[in-house]
Amino acid sequence: QVQLVESGGGLVQAGTSLRLSCAASGSRFSSSAIGWYRQAPGKQREWVATISRGGTINYADSVKGRFTISRDNVKNTVYLQMISLKPEDTAVYYCNLVRSRESYWGQGTQVTVSS
């Protein structure tokens, strides 16, 4: 069983930065792909970024150039560095760990960007 705990969210002004963290318990973290997703009020959850177990990274077009995903396999943690935040980035951000046929989600962390 894997538990994911997101942190780092908050209320910030547009144009500023935040760094989210996703700490994972359990083993085999390094063999897992990790993704960040977000869900704004009244909208479906959308994919933001993914980092594979081999370090391959992909971003949604809406965040490309502003968000950076990274992982620390020693700390079992994935980060999402967000710069130049916009009000439309306001959402609950979730991390998702995938390996083999297993998928785990965290409880989410709220990011609110004021204009």
# chains A, B, ... in the order shown; residues from 1 in each chain; ligands from 1

$ select_by_dssp --residues "chain A" --states "strand (DSSP E or B)" --output "PyMOL selection string"
chain A and resi 4-7+10-13+18-24+33-39+46-51+57-59+67-72+77-82+91-99+102-105+109-114

$ closest_residue --among "A:Gly108, A:Pro87, A:Ser100, A:Trp36" --to "A:Val12" --atoms "only C-alpha atoms"
A:Pro87

$ atom_distance --atom1 "atom CA of A:Asp72" --atom2 "atom CA of A:Ile34"
11.4 Å

$ residues_around --residues "A:Ser70" --least-positions-apart "5" --cutoff "12 Å" --atoms "only C-alpha atoms" --output "list in words"
Arg19, Leu20, Ser21, Cys22, Ala33, Ile34, Gly35, Trp36, Ala49, Thr50, Ile51, Ser52, Arg53, Gly54, Gly55, Thr56, Ile57, Asn58, Tyr59, Lys75, Asn76, Thr77, Val78, Tyr79, Leu80, Gln81 and Met82 of chain A

$ write_last_selection --atoms "C-alpha atoms" --output "mmCIF file, in the first residue's frame"
data_model
loop_
_atom_site.group_PDB
_atom_site.id
_atom_site.type_symbol
_atom_site.label_atom_id
_atom_site.label_comp_id
_atom_site.auth_asym_id
_atom_site.auth_seq_id
_atom_site.Cartn_x
_atom_site.Cartn_y
_atom_site.Cartn_z
ATOM 1 C CA ARG A 19 6.421 24.671 -4.779
ATOM 2 C CA LEU A 20 4.242 21.679 -4.119
ATOM 3 C CA SER A 21 5.554 18.458 -2.623
ATOM 4 C CA CYS A 22 4.189 14.936 -2.781
ATOM 5 C CA ALA A 33 5.710 7.152 -12.497
ATOM 6 C CA ILE A 34 4.328 10.201 -10.723
ATOM 7 C CA GLY A 35 1.867 12.678 -12.087
ATOM 8 C CA TRP A 36 0.380 15.940 -10.912
ATOM 9 C CA ALA A 49 2.654 16.969 -15.546
ATOM 10 C CA THR A 50 4.239 13.541 -15.318
ATOM 11 C CA ILE A 51 7.702 12.255 -14.540
ATOM 12 C CA SER A 52 8.426 8.647 -15.405
ATOM 13 C CA ARG A 53 10.590 6.274 -13.415
ATOM 14 C CA GLY A 54 13.319 6.929 -15.942
ATOM 15 C CA GLY A 55 12.985 10.697 -15.623
ATOM 16 C CA THR A 56 11.034 11.416 -18.798
ATOM 17 C CA ILE A 57 8.923 14.517 -18.259
ATOM 18 C CA ASN A 58 5.802 15.776 -19.944
ATOM 19 C CA TYR A 59 3.669 18.857 -19.327
ATOM 20 C CA LYS A 75 13.345 11.254 -0.131
ATOM 21 C CA ASN A 76 10.496 9.495 -1.969
ATOM 22 C CA THR A 77 9.195 12.900 -2.938
ATOM 23 C CA VAL A 78 8.030 14.584 -6.121
ATOM 24 C CA TYR A 79 7.924 18.329 -6.497
ATOM 25 C CA LEU A 80 6.018 20.736 -8.676
ATOM 26 C CA GLN A 81 7.678 24.118 -8.910
ATOM 27 C CA MET A 82 5.194 26.663 -10.195
#

$ closest_residue --among "A:Ser62, A:Gln13, A:Asn73, A:Gln110" --to "A:Trp47" --atoms "only C-alpha atoms"
A:Ser62

$ closest_residue --among "A:Gly15, A:Gly9, A:Gly26, A:Gly65" --to "A:Val92" --atoms "only C-alpha atoms"
A:Gly9

$ residues_around --residues "A:Leu11" --least-positions-apart "3" --cutoff "12 Å" --atoms "only C-alpha atoms" --output "number ranges by chain"
A: 8, 14, 16-18, 85-87, 89-92, 109-115

$ atom_distance --atom1 "atom CA of A:Arg38" --atom2 "atom CA of A:Ser7"
13.6 Å

$ select_by_dssp --residues "chain A" --states "helix (DSSP H, G or I)" --output "list in words"
Phe29, Ser30, Ser31, Pro87, Glu88 and Asp89 of chain A

$ write_last_selection --atoms "N, CA, C and O atoms" --output "tab-separated table (two decimals), in the first residue's frame"
chain	number	residue	atom	x	y	z
A	29	PHE	N	9.29	3.30	-4.81
A	29	PHE	CA	8.99	4.64	-5.31
A	29	PHE	C	9.74	4.91	-6.60
A	29	PHE	O	9.19	5.45	-7.55
A	30	SER	N	11.01	4.49	-6.64
A	30	SER	CA	11.83	4.81	-7.80
A	30	SER	C	11.37	4.10	-9.06
A	30	SER	O	11.72	4.50	-10.17
A	31	SER	N	10.58	3.06	-8.92
A	31	SER	CA	10.08	2.32	-10.08
A	31	SER	C	8.69	2.78	-10.50
A	31	SER	O	8.03	2.11	-11.31
A	87	PRO	N	-4.45	33.31	-12.14
A	87	PRO	CA	-5.70	32.95	-11.45
A	87	PRO	C	-6.30	31.64	-11.97
A	87	PRO	O	-6.90	30.89	-11.19
A	88	GLU	N	-6.10	31.35	-13.22
A	88	GLU	CA	-6.65	30.10	-13.79
A	88	GLU	C	-5.90	28.86	-13.31
A	88	GLU	O	-6.30	27.74	-13.62
A	89	ASP	N	-4.81	29.05	-12.57
A	89	ASP	CA	-4.12	27.91	-11.97
A	89	ASP	C	-4.78	27.50	-10.64
A	89	ASP	O	-4.39	26.50	-10.03

$ closest_residue --among "A:Val98, A:Val48, A:Ala60, A:Ile83" --to "A:Gln1" --atoms "only C-alpha atoms"
A:Val98

$ atom_distance --atom1 "atom CA of A:Ser27" --atom2 "atom CA of A:Gln39"
27.8 Å
